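**Student:** Dropping in query.csv, which is CSV, C-alpha atoms and all ligand atoms:
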chain,number,residue,atom,x,y,z
A,261,MET,CA,21.2,45.0,18.6
A,262,LYS,CA,20.8,44.9,22.4
A,263,ILE,CA,19.6,41.9,24.4
A,264,SER,CA,16.3,42.9,26.0
A,265,GLY,CA,15.2,39.6,27.5
A,266,ILE,CA,15.7,35.8,27.8
A,267,ARG,CA,12.7,33.5,28.0
A,268,THR,CA,12.6,29.7,28.4
A,269,ALA,CA,9.9,27.3,27.4
A,270,LEU,CA,9.2,23.6,27.5
A,271,LEU,CA,9.1,21.8,24.2
A,272,LYS,CA,7.3,18.5,24.4
A,273,ALA,CA,7.1,16.2,21.4
A,274,PRO,CA,5.9,12.6,20.9
A,275,LEU,CA,8.3,10.0,19.6
A,276,LYS,CA,7.6,7.5,16.8
A,277,ASN,CA,8.9,4.7,19.1
A,278,PRO,CA,10.3,4.6,22.7
A,279,PHE,CA,14.0,5.5,22.6
A,280,VAL,CA,16.0,2.8,24.5
A,281,THR,CA,19.7,2.7,25.3
A,282,SER,CA,21.6,0.8,27.9
A,283,LEU,CA,21.4,4.0,30.0
A,284,ARG,CA,17.8,4.9,29.7
A,285,ARG,CA,14.4,4.7,28.1
A,286,VAL,CA,12.5,7.8,26.9
A,287,ASP,CA,8.8,7.8,25.9
A,288,ALA,CA,8.5,11.4,24.8
A,289,LEU,CA,10.9,14.3,24.2
A,290,GLU,CA,10.9,17.1,26.8
A,291,ASP,CA,13.5,19.8,26.3
A,292,LEU,CA,14.1,23.5,27.0
A,293,VAL,CA,13.9,26.2,24.3
A,294,VAL,CA,15.7,29.4,24.9
A,295,ILE,CA,14.5,32.6,23.2
A,296,ILE,CA,16.7,35.7,23.4
A,297,GLU,CA,15.0,38.9,22.4
A,298,CYS,CA,16.7,42.1,21.2
A,299,ASP,CA,15.5,45.7,21.3
A,300,ASP,CA,15.2,45.8,17.4
A,301,GLY,CA,12.8,42.8,17.5
A,302,SER,CA,15.4,40.2,16.5
A,303,ILE,CA,15.0,36.8,18.1
A,304,GLY,CA,17.6,34.1,18.7
A,305,TYR,CA,16.5,30.5,19.2
A,306,GLY,CA,18.4,28.0,21.3
A,307,GLU,CA,17.5,24.6,22.7
A,308,GLY,CA,18.9,21.8,24.8
A,309,ALA,CA,17.6,18.4,26.1
A,310,PRO,CA,18.7,17.6,29.6
A,311,THR,CA,20.1,14.1,29.6
A,312,PRO,CA,20.6,13.4,33.4
A,313,VAL,CA,22.4,10.1,32.8
A,314,ILE,CA,25.0,11.7,30.6
A,315,THR,CA,25.4,15.4,31.5
A,316,GLY,CA,23.7,15.4,34.9
A,317,GLU,CA,21.2,18.0,34.0
A,318,THR,CA,17.5,18.4,34.3
A,319,ILE,CA,15.0,20.9,33.0
A,320,GLY,CA,15.1,22.5,36.5
A,321,SER,CA,18.9,22.7,36.6
A,322,MET,CA,19.0,24.1,33.1
A,323,ARG,CA,16.6,26.8,34.0
A,324,ALA,CA,18.6,27.6,37.2
A,325,ALA,CA,21.8,27.9,35.2
A,326,ILE,CA,20.3,30.1,32.6
A,327,ALA,CA,18.7,32.3,35.3
A,328,LEU,CA,22.2,32.7,36.8
A,329,MET,CA,23.7,33.8,33.5
A,330,GLU,CA,20.8,36.1,32.5
A,331,PRO,CA,21.9,39.2,34.3
A,332,PHE,CA,25.3,39.1,32.6
A,333,LEU,CA,23.7,39.0,29.2
A,334,VAL,CA,20.6,41.2,29.3
A,335,GLY,CA,21.4,44.8,28.3
A,336,ARG,CA,24.5,43.9,26.3
A,337,GLU,CA,25.0,44.3,22.6
A,338,ILE,CA,25.2,41.2,20.3
A,339,GLU,CA,28.2,42.9,18.8
A,340,GLU,CA,30.1,42.1,22.1
A,341,PHE,CA,29.8,38.5,21.0
A,342,ASP,CA,33.0,37.2,22.5
A,343,THR,CA,32.2,38.8,25.9
A,344,LEU,CA,28.7,37.2,25.8
A,345,LEU,CA,30.2,33.8,25.2
A,346,ASP,CA,32.7,34.4,28.0
A,347,HIS,CA,29.8,35.1,30.3
A,348,VAL,CA,28.0,31.9,29.3
A,349,HIS,CA,31.1,29.9,30.3
A,350,SER,CA,32.6,31.7,33.2
A,351,HIS,CA,29.9,31.9,35.9
A,352,ILE,CA,29.2,28.2,36.4
A,353,ILE,CA,31.1,25.0,35.6
A,354,LYS,CA,29.6,22.0,33.9
A,355,ASN,CA,25.9,22.6,33.0
A,356,THR,CA,26.9,22.0,29.4
A,357,THR,CA,23.4,21.6,27.9
A,358,ALA,CA,22.2,24.9,29.5
A,359,LYS,CA,25.3,26.7,28.1
A,360,SER,CA,24.8,25.1,24.7
A,361,ALA,CA,21.1,26.3,24.6
A,362,LEU,CA,22.2,29.8,25.3
A,363,GLU,CA,25.2,29.8,23.0
A,364,ILE,CA,23.0,28.5,20.1
A,365,ALA,CA,20.6,31.4,20.6
A,366,LEU,CA,23.5,33.9,20.7
A,367,TYR,CA,25.1,32.4,17.5
A,368,ASP,CA,21.7,32.6,15.8
A,369,LEU,CA,21.5,36.3,16.7
A,370,LYS,CA,25.1,37.0,15.7
A,371,ALA,CA,24.6,35.4,12.3
A,372,LYS,CA,21.3,37.4,11.8
A,373,SER,CA,23.1,40.6,12.8
A,374,LEU,CA,25.6,39.9,9.9
A,375,SER,CA,22.7,38.9,7.5
A,376,LEU,CA,24.3,35.5,7.0
A,377,PRO,CA,23.2,31.9,7.5
A,378,LEU,CA,25.0,30.6,10.5
A,379,TYR,CA,27.1,28.1,8.5
A,380,ARG,CA,28.4,31.0,6.3
A,381,MET,CA,29.4,32.9,9.4
A,382,LEU,CA,31.3,29.8,10.6
A,383,GLY,CA,33.0,29.4,7.2
A,384,GLY,CA,30.9,26.5,5.9
A,385,GLU,CA,28.8,26.0,2.7
A,386,LYS,CA,25.2,25.2,1.9
A,387,ARG,CA,25.1,21.5,1.7
A,388,VAL,CA,23.0,18.3,2.0
A,389,PHE,CA,24.2,16.0,4.7
A,390,GLU,CA,23.5,12.3,5.4
A,391,THR,CA,22.7,11.1,8.9
A,392,ASP,CA,22.3,7.6,10.3
A,393,LEU,CA,19.2,6.4,12.2
A,394,THR,CA,19.3,5.0,15.7
A,395,ILE,CA,17.8,1.6,16.3
A,396,SER,CA,16.7,1.3,19.9
A,397,MET,CA,17.9,-1.6,22.0
A,398,GLY,CA,15.3,-4.3,22.4
A,399,GLU,CA,14.4,-7.8,21.4
A,400,ILE,CA,16.2,-9.1,18.3
A,401,ASP,CA,13.1,-9.5,16.0
A,402,LYS,CA,12.0,-6.0,16.8
A,403,MET,CA,15.5,-4.6,16.2
A,404,ILE,CA,15.7,-6.4,12.8
A,405,ALA,CA,12.3,-5.1,11.8
A,406,ASP,CA,13.3,-1.6,12.8
A,407,CYS,CA,16.5,-1.9,10.7
A,408,LEU,CA,14.7,-3.2,7.7
A,409,ASP,CA,12.2,-0.3,8.0
A,410,ALA,CA,15.0,2.2,8.2
A,411,VAL,CA,16.7,0.7,5.1
A,412,SER,CA,13.4,0.9,3.2
A,413,LEU,CA,13.3,4.6,4.0
A,414,GLY,CA,16.7,5.1,2.5
A,415,TYR,CA,19.1,5.0,5.5
A,416,ASN,CA,22.6,3.7,4.6
A,417,SER,CA,23.9,3.9,8.2
A,418,LEU,CA,22.3,2.5,11.2
A,419,LYS,CA,23.3,3.1,14.8
A,420,ILE,CA,22.5,0.0,16.8
A,421,LYS,CA,21.9,0.5,20.5
A,422,ILE,CA,23.3,-2.3,22.6
A,423,GLY,CA,25.1,-2.7,26.0
A,424,ASP,CA,22.7,-4.3,28.5
A,425,ASP,CA,24.0,-7.8,28.1
A,426,PRO,CA,27.2,-8.8,26.1
A,427,GLN,CA,25.8,-12.3,25.2
A,428,LYS,CA,22.6,-10.9,23.9
A,429,ASP,CA,24.5,-8.1,22.2
A,430,ILE,CA,26.5,-10.6,20.1
A,431,GLU,CA,23.3,-12.3,19.1
A,432,ARG,CA,21.8,-8.9,18.1
A,433,ILE,CA,24.8,-7.9,16.0
A,434,ILE,CA,25.0,-11.2,14.2
A,435,ALA,CA,21.3,-11.4,13.5
A,436,ILE,CA,21.1,-7.7,12.3
A,437,HIS,CA,24.2,-8.2,10.1
A,438,GLU,CA,22.7,-11.3,8.5
A,439,ALA,CA,19.4,-9.5,7.9
A,440,LEU,CA,21.0,-6.6,6.1
A,441,ASP,CA,22.8,-6.0,2.8
A,442,ASP,CA,26.6,-5.6,3.2
A,443,SER,CA,26.3,-2.0,1.9
A,444,ILE,CA,24.5,-0.9,5.1
A,445,ARG,CA,27.0,0.6,7.5
A,446,LEU,CA,26.6,-0.6,11.1
A,447,ARG,CA,27.5,1.7,13.9
A,448,LEU,CA,27.4,0.1,17.4
A,449,ASP,CA,26.7,2.2,20.5
A,450,ALA,CA,27.0,0.4,23.9
A,451,ASN,CA,26.5,3.6,25.9
A,452,GLN,CA,29.1,2.4,28.5
A,453,GLY,CA,27.5,-1.0,29.0
A,454,TRP,CA,30.5,-3.3,28.9
A,455,THR,CA,33.8,-3.8,30.7
A,456,ALA,CA,37.0,-3.6,28.6
A,457,LYS,CA,37.5,-7.4,28.7
A,458,GLN,CA,33.9,-8.0,27.6
A,459,SER,CA,34.4,-5.5,24.8
A,460,VAL,CA,37.4,-7.2,23.5
A,461,GLU,CA,35.8,-10.7,23.6
A,462,LEU,CA,32.7,-9.5,22.0
A,463,LEU,CA,34.3,-7.5,19.2
A,464,GLN,CA,36.9,-10.1,18.4
A,465,GLY,CA,34.0,-12.6,18.3
A,466,ILE,CA,32.1,-10.7,15.7
A,467,GLU,CA,35.3,-9.8,13.8
A,468,LYS,CA,36.1,-13.6,13.4
A,469,ARG,CA,32.7,-13.9,11.7
A,470,GLY,CA,33.7,-11.1,9.3
A,471,ILE,CA,31.6,-8.4,10.9
A,472,ILE,CA,33.6,-5.1,11.1
A,473,ALA,CA,31.3,-2.4,12.2
A,474,GLU,CA,32.0,1.2,11.1
A,475,PHE,CA,32.8,1.8,14.8
A,476,ILE,CA,32.0,0.8,18.3
A,477,GLU,CA,30.9,3.8,20.3
A,478,GLN,CA,31.6,4.2,24.0
A,479,PRO,CA,31.8,0.5,25.0
A,480,VAL,CA,33.0,1.2,28.5
A,481,ALA,CA,32.4,3.7,31.4
A,482,ALA,CA,33.0,7.3,30.6
A,483,ASP,CA,36.0,7.5,32.9
A,484,ASP,CA,37.6,4.2,31.9
A,485,ILE,CA,40.4,5.7,29.8
A,486,GLU,CA,42.7,2.7,30.3
A,487,GLY,CA,39.8,0.5,29.2
A,488,LEU,CA,39.5,2.4,25.9
A,489,LYS,CA,43.2,2.1,25.3
A,490,TYR,CA,43.1,-1.7,26.2
A,491,ILE,CA,40.3,-2.2,23.6
A,492,LYS,CA,41.9,-0.1,20.9
A,493,GLU,CA,45.1,-2.2,21.1
A,494,ARG,CA,43.2,-5.5,20.7
A,495,VAL,CA,40.4,-5.0,18.1
A,496,GLN,CA,40.1,-4.0,14.5
A,497,THR,CA,36.7,-2.3,14.9
A,498,PRO,CA,37.4,1.5,15.1
A,499,LEU,CA,36.7,3.0,18.5
A,500,LEU,CA,34.6,6.2,18.9
A,501,ALA,CA,34.5,8.1,22.2
A,502,ASP,CA,31.2,9.7,23.2
A,503,GLU,CA,30.5,10.1,27.0
A,504,SER,CA,34.3,10.1,27.6
A,505,ILE,CA,34.7,13.4,25.8
A,506,PHE,CA,33.0,16.6,26.9
A,507,SER,CA,35.8,19.1,27.0
A,508,LEU,CA,39.0,19.8,25.0
A,509,LYS,CA,40.9,18.6,28.0
A,510,ASP,CA,39.1,15.2,27.9
A,511,ALA,CA,39.8,14.9,24.2
A,512,ARG,CA,43.4,15.9,24.4
A,513,ARG,CA,44.1,13.2,27.0
A,514,LEU,CA,42.5,10.5,24.8
A,515,LEU,CA,44.1,11.7,21.6
A,516,GLU,CA,47.6,12.0,23.2
A,517,LEU,CA,47.2,8.4,24.5
A,518,GLU,CA,46.1,7.3,21.0
A,519,ALA,CA,43.2,5.5,22.8
A,520,ILE,CA,40.5,6.2,20.2
A,521,ASP,CA,39.9,6.4,16.5
A,522,TYR,CA,37.0,8.9,16.4
A,523,VAL,CA,35.5,11.7,18.5
A,524,ASN,CA,31.7,12.2,18.9
A,525,ILE,CA,31.1,15.9,19.2
A,526,LYS,CA,27.8,16.9,20.8
A,527,LEU,CA,26.9,20.5,21.5
A,528,ALA,CA,25.2,19.3,24.7
A,529,LYS,CA,28.5,18.0,26.0
A,530,THR,CA,30.9,20.8,24.8
A,531,GLY,CA,28.7,23.5,26.1
A,532,GLY,CA,27.8,24.8,22.7
A,533,ILE,CA,29.1,25.8,19.3
A,534,SER,CA,32.4,27.5,20.3
A,535,GLU,CA,33.9,24.5,22.0
A,536,ALA,CA,32.5,22.1,19.4
A,537,LEU,CA,34.4,24.0,16.7
A,538,ALA,CA,37.5,24.0,18.9
A,539,LEU,CA,37.1,20.2,19.5
A,540,ALA,CA,36.9,19.6,15.7
A,541,ASP,CA,40.1,21.6,15.2
A,542,LEU,CA,41.9,19.8,18.0
A,543,SER,CA,40.9,16.4,16.6
A,544,SER,CA,42.0,17.6,13.2
A,545,ASP,CA,45.4,18.5,14.6
A,546,PHE,CA,45.7,14.9,15.8
A,547,GLY,CA,44.6,13.6,12.4
A,548,VAL,CA,41.4,12.1,14.0
A,549,LYS,CA,38.0,12.4,12.3
A,550,CYS,CA,34.8,13.2,14.1
A,551,MET,CA,31.1,12.4,14.1
A,552,ILE,CA,28.7,15.1,15.1
A,553,GLY,CA,26.0,13.6,17.3
A,554,CYS,CA,23.0,14.7,19.3
A,555,MET,CA,21.1,13.7,22.4
A,556,LEU,CA,17.4,12.8,22.0
A,557,GLU,CA,16.7,16.5,21.4
A,558,GLY,CA,14.6,18.9,19.2
A,559,PRO,CA,15.1,20.5,15.9
A,560,ILE,CA,16.7,23.8,17.0
A,561,SER,CA,19.7,22.3,18.6
A,562,VAL,CA,20.0,19.5,16.0
A,563,THR,CA,20.0,22.2,13.3
A,564,ALA,CA,22.8,24.0,15.2
A,565,GLY,CA,24.8,20.8,14.9
A,566,VAL,CA,24.2,20.7,11.1
A,567,HIS,CA,25.7,24.2,10.8
A,568,VAL,CA,28.7,23.1,12.8
A,569,ALA,CA,29.0,20.0,10.5
A,570,SER,CA,29.1,22.4,7.5
A,571,ALA,CA,31.7,24.6,9.1
A,572,LYS,CA,34.1,21.7,9.9
A,573,ALA,CA,33.2,19.4,7.0
A,574,ASP,CA,36.9,18.4,6.5
A,575,VAL,CA,37.1,16.8,9.9
A,576,ILE,CA,33.4,16.0,10.8
A,577,THR,CA,32.9,13.2,8.3
A,578,MET,CA,30.0,11.4,10.0
A,579,LEU,CA,26.6,12.6,11.2
A,580,ASP,CA,24.4,11.1,13.9
A,581,LEU,CA,21.8,13.9,13.8
A,582,ASP,CA,18.8,11.7,13.7
A,583,ALA,CA,16.8,13.1,16.7
A,584,VAL,CA,14.4,15.1,14.5
A,585,SER,CA,13.5,11.9,12.6
A,586,LEU,CA,12.8,10.1,15.8
A,587,LEU,CA,10.0,12.6,16.6
A,588,ALA,CA,6.5,11.8,15.5
A,589,SER,CA,5.8,15.6,15.3
A,590,HIS,CA,7.2,18.9,16.6
A,591,PRO,CA,6.1,22.5,16.6
A,592,VAL,CA,9.3,24.1,15.3
A,593,GLU,CA,9.2,25.9,11.9
A,594,THR,CA,12.5,25.6,10.1
A,595,SER,CA,13.8,26.0,6.6
A,596,VAL,CA,16.4,23.4,7.1
A,597,GLN,CA,14.9,20.3,5.5
A,598,TYR,CA,14.8,17.0,7.3
A,599,ASP,CA,13.9,14.2,4.9
A,600,GLN,CA,14.8,10.9,6.5
A,601,SER,CA,18.6,10.4,6.0
A,602,GLN,CA,19.0,13.7,4.1
A,603,ILE,CA,19.4,17.1,5.9
A,604,ALA,CA,19.6,20.1,3.6
A,605,LEU,CA,20.7,23.5,4.8
A,606,SER,CA,18.9,26.6,3.5
A,607,ASP,CA,19.9,30.2,2.5
A,608,ASP,CA,18.0,31.7,5.5
A,609,LEU,CA,19.7,33.8,8.1
A,610,GLY,CA,21.0,32.5,11.4
A,611,LEU,CA,19.9,28.9,12.1
A,612,GLY,CA,17.0,29.1,9.7
A,613,ILE,CA,14.4,28.7,12.4
A,614,PHE,CA,11.2,30.9,12.0
A,615,GLY,CA,9.1,30.0,14.9
A,616,VAL,CA,8.4,27.6,17.7
A,617,GLY,CA,4.7,27.2,17.6
A,618,GLU,CA,2.7,27.0,20.9
A,619,LEU,CA,5.1,26.4,23.7
A,620,GLN,CA,4.7,26.3,27.5
A,621,PHE,CA,6.7,29.4,28.7
A,622,LEU,CA,8.3,28.9,32.1
B,1,LIG,C1,19.9,10.3,19.4
B,1,LIG,C2,21.3,10.0,19.0
B,1,LIG,N1,21.3,9.2,17.9
B,1,LIG,C3,21.9,9.2,20.2
B,1,LIG,O1,21.9,8.0,20.2
B,1,LIG,N2,22.4,10.0,21.2
B,1,LIG,C4,23.0,9.5,22.4
B,1,LIG,C5,22.1,9.1,23.4
B,1,LIG,C6,21.5,10.3,24.0
B,1,LIG,C7,20.3,10.2,24.9
B,1,LIG,O2,20.2,9.3,25.7
B,1,LIG,O3,19.5,11.1,24.7
B,1,LIG,C8,24.3,8.7,22.2
B,1,LIG,O4,24.7,8.0,23.1
B,1,LIG,O5,25.0,8.8,21.2
B,2,MG,MG,26.6,7.5,22.1
Please go through the file and, once you have read it, give me the structure as structure tokens.
**Tutor:**
Amino acid sequence: MKISGIRTALLKAPLKNPFVTSLRRVDALEDLVVIIECDDGSIGYGEGAPTPVITGETIGSMRAAIALMEPFLVGREIEEFDTLLDHVHSHIIKNTTAKSALEIALYDLKAKSLSLPLYRMLGGEKRVFETDLTISMGEIDKMIADCLDAVSLGYNSLKIKIGDDPQKDIERIIAIHEALDDSIRLRLDANQGWTAKQSVELLQGIEKRGIIAEFIEQPVAADDIEGLKYIKERVQTPLLADESIFSLKDARRLLELEAIDYVNIKLAKTGGISEALALADLSSDFGVKCMIGCMLEGPISVTAGVHVASAKADVITMLDLDAVSLLASHPVETSVQYDQSQIALSDDLGLGIFGVGELQFL
């Protein structure tokens, strides 16, 4: 099974609602699909959504990074899998979403070459997973209405985007907590919006009112490691690192410092599946559980995340793989079922992606 070509295409999809965090507002999904073709007709699908404010990438930079790696991959056999992964990672630093998109397509092909669903190749099982749903940051009434809608659709965990204004954030959390049944788990994501002091004041404030969220995600700037430690020592709410952890080195530092309670693994940050698996193993060695998350991205890369969740189900105990549910429609044909909070893996080979509809090839 020899790689005969690599093509990239733009995937554009409308959202049900604008996606708003403290870092950015997005009105429609635009990401990059990677299609690796082999001489026997096999196709591997990959995908990645550039998130300039988090990974520093754009569609243009992803295309350029993939073009740089292409000559090292085309003409090689899928059976040389480890060498292929090595090429993805060794010719350029950073560019993690581009690397992830390529890796996902290579893993899809490798699993197909073994006639296995990807999760089986990775040692996982066919399972149904439960994801949360993200509630975009906005006015309190709208956020409450969005939360109630999500609950009526069966979501048990809501990820509340905050972080633009600590005072307003307290009001949002209190109002949302009051509006919901206690059984609904609240995950708070400030996307780096607060200082360490503000985080402690705010979290202690809501804790005094009896509100203990499932976790607070990335309250402070990505490089504010001392800030994370300062918060962890002063609040009861568990602390989850997102933008602070891309690599194993990032994670090891935070885990050794005991500065966090949970790790958010995203393929777009780790540079794909291989490092995501290693990050789950490293966290497990430290006795720390993980969430697998996603950017605002499409069904191919989110599905890759579900396979990883299956492979590392002992340590990946939480899913934030809601990006497919945030889309109003998309052209990807997949046998992995996305039904609101429920995501069900299938028996199909590789990722379980059959086609990508009409895409704009670049
Ligand atoms: C979509 C997912 N639930 C999410 O919130 N992901 C990111 C934000 C990514 C983006 O801006 O595209 C997160 O911070 O966890
Ligand atoms: Mg986050």
**Student:** In Å to one decimal, how far is CA of Val523 in chain A from CA of Leu446 in chain A?
**Tutor:**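 It comes out at 16.9 Å.
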**Student:** With distances taken over only C-alpha atoms, which of A:Pro312, A:Gly301, A:Gly306, A:Gly612 is nearest to Arg267 in chain A?
**Tutor:**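 Closest residue, counting only C-alpha atoms: A:Gly306.
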**Student:** May I have the residues within 9 Å of ligand LIG 1 (chain B), computed using all atoms listed in the file, as a ChimeraX atom specification?
**Tutor:** /A:279-286,309-314,392-396,419-421,449-452,477-478,502-503,524,526,553-557,580-584,586
**Student:** At what distance in Å, to one decimal, does CA of Val562 in chain A lie from CA of Ala324 in chain A?
**Tutor:** 22.7 Å
**Student:** Rounded to one decimal in Å, what is the spacing between CA of Gly610 in chain A and CA of Leu275 in chain A?
**Tutor:** 27.1 Å
**Student:** Pick out the closest residue to ligand MG 2 (chain B) from this set: A:Gln496, A:Asn355, A:Thr455, A:Ser504. Count only C-alpha atoms and all ligand atoms.
**Tutor:**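 Among the listed residues, the smallest separation from ligand MG 2 (chain B) belongs to A:Ser504.
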**Student:** Which is closest to Ser375 in chain A among A:Leu609, A:Val388, A:Ala540, A:Leu619, if we use all atoms listed in the file?
**Tutor:** A:Leu609
**Student:** Would you please work out which residue, of A:Ala528, A:Lys492, A:Asp442, A:Lys370, is nearest to Ile472 in chain A when using all atoms listed in the file?
**Tutor:** A:Asp442
**Student:** Residues at most 12 Å from Glu467 in chain A, counting only C-alpha atoms, excluding those fewer than 5 positions away in the same chain, as a PyMOL selection string?
**Tutor:** chain A and resi 430+433-434+437+459-462+472-476+494-498
**Student:** Counting only C-alpha atoms and all ligand atoms, which residue out of A:Ala571, A:Ala361, A:Val592, A:Met551 sits closest to ligand MG 2 (chain B)?
**Tutor:**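 Closest to ligand MG 2 (chain B), using only C-alpha atoms and all ligand atoms: A:Met551.
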**Student:** Rank A:Leu362, A:Ile552, A:Ala569, A:Leu463 by their smallest atom-to-atom distance to ligand MG 2 (chain B), using all atoms listed in the file, and report the top residue only.
**Tutor:**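 Using all atoms listed in the file, ligand MG 2 (chain B) sits closest to A:Ile552.
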**Student:** Considering only C-alpha atoms, return as a PyMOL selection string whatever protein or nucleic-acid residues lie within 9 Å of Gly617 in chain A, sequence-local ones (same chain, fewer than 4 positions apart) excluded.
**Tutor:** chain A and resi 590-593
**Student:** Need the shell around Asp409 in chain A: protein/DNA/RNA residues with any atom at most 12 Å away, counting all atoms listed in the file. Skip same-chain ones fewer than 4 positions apart. Format as an MDAnalysis selection string?
**Tutor:** chainID A and resid 393:395 402:405 413:416 418 439:440 600
**Student:** Please reconstruct the missing atoms of range 344-359 of chain A (target: N, CA, C and O atoms) and return them as a CSV table (one decimal), keeping the file's coordinate frame.
**Tutor:**
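Saved result, result.csv, follows:
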chain,number,residue,atom,x,y,z
A,344,LEU,N,30.0,38.0,25.5
A,344,LEU,CA,28.7,37.2,25.8
A,344,LEU,C,29.1,35.7,26.0
A,344,LEU,O,28.6,35.1,27.0
A,345,LEU,N,29.9,35.2,25.1
A,345,LEU,CA,30.2,33.8,25.2
A,345,LEU,C,31.0,33.5,26.5
A,345,LEU,O,30.9,32.5,27.2
A,346,ASP,N,31.9,34.5,26.7
A,346,ASP,CA,32.7,34.4,28.0
A,346,ASP,C,31.8,34.3,29.2
A,346,ASP,O,32.0,33.5,30.1
A,347,HIS,N,30.7,35.1,29.2
A,347,HIS,CA,29.8,35.1,30.3
A,347,HIS,C,29.1,33.8,30.4
A,347,HIS,O,28.9,33.3,31.5
A,348,VAL,N,28.7,33.2,29.3
A,348,VAL,CA,28.0,31.9,29.3
A,348,VAL,C,28.9,30.9,30.0
A,348,VAL,O,28.4,30.0,30.8
A,349,HIS,N,30.2,31.0,29.8
A,349,HIS,CA,31.1,29.9,30.3
A,349,HIS,C,31.7,30.2,31.6
A,349,HIS,O,32.2,29.2,32.3
A,350,SER,N,31.8,31.5,32.1
A,350,SER,CA,32.6,31.7,33.2
A,350,SER,C,31.9,31.8,34.6
A,350,SER,O,32.5,31.8,35.6
A,351,HIS,N,30.6,31.8,34.6
A,351,HIS,CA,29.9,31.9,35.9
A,351,HIS,C,29.5,30.6,36.5
A,351,HIS,O,29.0,30.6,37.7
A,352,ILE,N,29.6,29.5,35.8
A,352,ILE,CA,29.2,28.2,36.4
A,352,ILE,C,30.0,27.1,35.6
A,352,ILE,O,30.2,27.3,34.4
A,353,ILE,N,30.4,26.1,36.3
A,353,ILE,CA,31.1,25.0,35.6
A,353,ILE,C,30.1,24.0,35.2
A,353,ILE,O,28.9,24.1,35.6
A,354,LYS,N,30.5,23.0,34.4
A,354,LYS,CA,29.6,22.0,33.9
A,354,LYS,C,28.3,22.6,33.3
A,354,LYS,O,28.4,23.5,32.5
A,355,ASN,N,27.1,22.0,33.6
A,355,ASN,CA,25.9,22.6,33.0
A,355,ASN,C,26.0,22.8,31.5
A,355,ASN,O,25.6,23.8,31.0
A,356,THR,N,26.5,21.8,30.8
A,356,THR,CA,26.9,22.0,29.4
A,356,THR,C,25.7,22.2,28.5
A,356,THR,O,25.8,22.9,27.4
A,357,THR,N,24.6,21.5,28.8
A,357,THR,CA,23.4,21.6,27.9
A,357,THR,C,22.8,23.0,28.0
A,357,THR,O,22.4,23.6,27.0
A,358,ALA,N,22.8,23.5,29.3
A,358,ALA,CA,22.2,24.9,29.5
A,358,ALA,C,23.1,25.9,28.7
A,358,ALA,O,22.6,26.8,28.0
A,359,LYS,N,24.4,25.8,28.8
A,359,LYS,CA,25.3,26.7,28.1
A,359,LYS,C,25.1,26.6,26.6
A,359,LYS,O,25.1,27.6,25.9
